[in-house]
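To start, the structure under review is shown below, and the notes come after it.
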Amino acid sequence: MANISRRAFIGLAGLGAAGTLGAGAFGRAPWGTWYAAADPLPASFAGTTLEAAATPVGGSGYRTLTAGPGWPMIVRGELAEARSGREERRTALASVVQLTDLHILDAQSPMRFEYVHPLNGSAFRPHETLTTQGLVSLVSRINSLPGGPHTRRAFDAVVTTGDNTDNKEHAELGWLLTALNGGTFIPNTGAADRYEGVQNSGADLYWNPESPIRDIYKKAGFPEMPGLLGAAALTPVTSPGLRTPWYSVFGNHDDSIQGTIPSGIGPLEAMYTGSIKIEAPDSEQARAIGSAASSDPAALPSILAAVTTPPRIVTPDGNRAPFTPRQYIAAHLDPRNAGPGPVGHGFAPDAGETGIGFYSFEIAPGVVGISMDSTNRAGFVDGSLGEAQFRWIEQTLKAGSSRFFDAGGRPVTQSRQDTYFLLFSHHTSGTMDNLIPDPENPGERRHSGAELLDLLHRFPNVLAWVNGHTHENKITPHPGATAAQGFWEINTASHIDFPQHARLIEVVDNTDGTLSLLTTLVESDSPYEVRHGDFSQEGLASLYRELSFNDIHADPTLLGGSVDHNTELVLVSPRT
């Protein structure tokens, strides 16, 4: 914020904060200043939601989007007082980009349960053929930014916090790596000359964009778009690749079938590369399949075998085979996938053999990232940490802390060079209660999110825990027993469900006994609206956002409130 400190800042209380901040904001914010909308924004705000944010046109039905007013900058002081004059004193320490829940998706795979979407909206999305075009547009946005909008510090790292693929397919992983590292690919599996998925099935359960059939989506206002599926799936996609070193974090969709079902169920894994695709079972069968997927996966093969509706015969493709965690890591370690670096994108050189999915890395001098693997190899949606990883985190934090607290709350001092820590995981503190034993280490204790919070509170050098999974913008303060033991949990919305955000995080030292984390949301580089029928790569990326907004299962609460968007999160400096 140093570059805007001479411009007008206006207190929320004097301007009616609830009306100014929009429907998602708290009615009365005890913290907060917002940037005067009438004053020109600095050039470094361009391309972020400080400048403009997607806003619907009209009040109901299927709606297009346009550039709405930028969102305010909210100062949050629950953990420390924001002292005057800090904008002029502060020093930039690090600048990080978080991507999360990209869900690069093979929409034609036989191993999908799209037909349960009336029960679970994420099972089918009308825009799911366009995930690669959407990601490339986001890569272009990040590349276009000069760095953090407040400090102008060039980005030190990009971290993608899990659910990078949707269904742990080799095809999806290849598209992801090419999009992030640069190159050209065709996001298609199966037949080389046609689309073979549910969106040309003729079933009214799905949006059939190339057909006049009055499916449930067209009844909700979705348009007919002849030619869309071929353009989306059969046309080459070219990515410039990120210009910043990037790091990869595991999510449950990178580890389990459909993000839920454990690996090792032979008939299900065989379906990936087979020719049988179930598209429209009757409602009772769909309900049974959805229930088994979430509670009794072992029953799925027999339930699927009993489906009486004739399946669709599709072109088999070995590239759809599911990858293992070790294969996921090995693909990142392949020098051909190094992109802007580092080789392995965080994973240790031997991680392809060990399967260890957690690591630490230097973000910037004095600032270290800890990448956690919060998935549980036993499957299911939520996560936890194994004992070995939990103790490794503790030892890593100890090694970078001259002062911390033991498990009994007693202060400990040691001769160490202090390091600031940002932790990254897929799961949030509230979604880490899956304590089922890991089948690879059945005797190892699993640790919950609450236990991790307790551990992090012992180390004042922990500044933030950054995560995804819930597809929601949400920033939570975690105060500690002393002011120095507080830290922030920063949860960011996905890039498959609207609002399709990424988040910039700038770490600054205010040189007054406090630190600040400056968080800014960004959208992809695609136009807010294009003519329907514009099937250029840019046009498809724009449609990706528009369709996600209009999805009949869209959840407006995922947007979060203004206190979860563009913020300054103040902390007591552990070095005072």
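Residue numbers start at 1 in each chain; chains themselves are named A, B, ... in the order of the structure tokens; ligands are numbered from 1 in the order shown.
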>> What parts of range 161-319 of chain A does DSSP call alpha helix (DSSP H)? I'd like the answer as a ChimeraX atom specification.
In response: /A:170-181,228-234,266-272,283-295,300-305
> Using only C-alpha atoms, which of A:Val237, A:Ala232, A:Val530, A:Leu515 sits nearest Pro574 in chain A?
Replying inline: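 Nearest to Pro574 in chain A: A:Leu515.
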> Near Ala493 in chain A, within 8 Å and counting only C-alpha atoms, which residues show up once chain neighbours fewer than 3 positions away are dropped, as a list in words?
Replying inline: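 Here the qualifying residues turn out to be Thr100, Asp101, Gly468, Thr470, His471, Glu472, Asn473, Asp497, Pro499, Gln500, His501, Ala502, Leu558 and Leu559 of chain A.
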Selection export as a compact mmCIF listing (two decimals), in the first residue's frame, atoms kept: C-alpha atoms:
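Below you can see part.txt, which holds the result:
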# COMPACT_ATOMS: atom_id res chain seq x y z
CA THR A 100 -6.51 -23.68 -6.07
CA ASP A 101 -9.08 -26.28 -7.16
CA GLY A 468 -8.66 -24.42 -0.75
CA THR A 470 -14.28 -25.66 0.06
CA HIS A 471 -14.35 -23.54 -3.16
CA GLU A 472 -15.05 -20.53 -0.95
CA ASN A 473 -13.37 -17.21 -0.22
CA ASP A 497 -16.98 -22.81 -9.70
CA PRO A 499 -16.25 -16.74 -8.86
CA GLN A 500 -13.15 -18.51 -10.31
CA HIS A 501 -10.52 -16.61 -8.34
CA ALA A 502 -6.81 -16.81 -7.62
CA LEU A 558 -18.74 -19.12 -2.35
CA LEU A 559 -17.98 -15.52 -3.27
>> Which residues are near Asp166 in chain A? Cut-off 6 Å, only C-alpha atoms, ignore same chain within fewer than 6 positions. Put them as a ChimeraX atom specification.
In response: /A:103-105,253
Atoms to include: N, CA, C and O atoms. Write the selected residues as an mmCIF file, in the first residue's frame.
data_model
loop_
_atom_site.group_PDB
_atom_site.id
_atom_site.type_symbol
_atom_site.label_atom_id
_atom_site.label_comp_id
_atom_site.auth_asym_id
_atom_site.auth_seq_id
_atom_site.Cartn_x
_atom_site.Cartn_y
_atom_site.Cartn_z
ATOM 1 N N HIS A 103 -9.229 -28.230 -11.042
ATOM 2 C CA HIS A 103 -10.087 -29.308 -11.547
ATOM 3 C C HIS A 103 -9.983 -29.464 -13.068
ATOM 4 O O HIS A 103 -10.997 -29.475 -13.773
ATOM 5 N N ILE A 104 -8.761 -29.578 -13.593
ATOM 6 C CA ILE A 104 -8.599 -29.869 -15.017
ATOM 7 C C ILE A 104 -9.257 -31.217 -15.284
ATOM 8 O O ILE A 104 -8.941 -32.227 -14.646
ATOM 9 N N LEU A 105 -10.170 -31.251 -16.244
ATOM 10 C CA LEU A 105 -11.184 -32.308 -16.272
ATOM 11 C C LEU A 105 -11.342 -32.932 -17.647
ATOM 12 O O LEU A 105 -11.475 -32.220 -18.652
ATOM 13 N N HIS A 253 -8.880 -34.785 -5.092
ATOM 14 C CA HIS A 253 -9.167 -35.183 -6.471
ATOM 15 C C HIS A 253 -7.909 -35.627 -7.212
ATOM 16 O O HIS A 253 -8.011 -36.243 -8.280
#
>> Which residue is closest to Arg63 in chain A? Choose from A:Pro349, A:Gly121, A:Pro439, A:Gly221 and count only C-alpha atoms.
In response: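 Nearest to Arg63 in chain A: A:Gly221.
You will find CA of Asp193 in chain A at 11.2 Å from CA of Ala231 in chain A.
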Could you give me, as a tab-separated table, every range 88-132 of chain A residue with an atom at most 10 Å from range 291-313 of chain A, plus its closest atom pair and distance in Å to one decimal, counting only C-alpha atoms, rows ordered by chain then number?
residue	atom	partner	partner_atom	distance
A:Pro110	CA	A:Arg312	CA	9.1
A:Phe113	CA	A:Ala293	CA	9.3
A:Val116	CA	A:Ser291	CA	9.4
A:Leu119	CA	A:Ser291	CA	9.4
>> Taking 5 positions as the minimum chain separation for residues in the same chain, which residues sit within 9 Å of Gly274 in chain A when counting only C-alpha atoms? Answer as a ChimeraX atom specification.
In response: /A:110-111,314-318
>> Write out as a PyMOL selection string the set of residues from range 170-341 of chain A that DSSP, computed on the backbone, places in strand (DSSP E).
In response: chain A and resi 183-185+237-239+246-249+276-277+312-313
>> Neighbouring residues of Thr91 in chain A were defined as those with any atom within 9 Å, considering only C-alpha atoms; residues of the same chain fewer than 5 positions away were excluded. Please report them as a count of residues only.
In response: 6
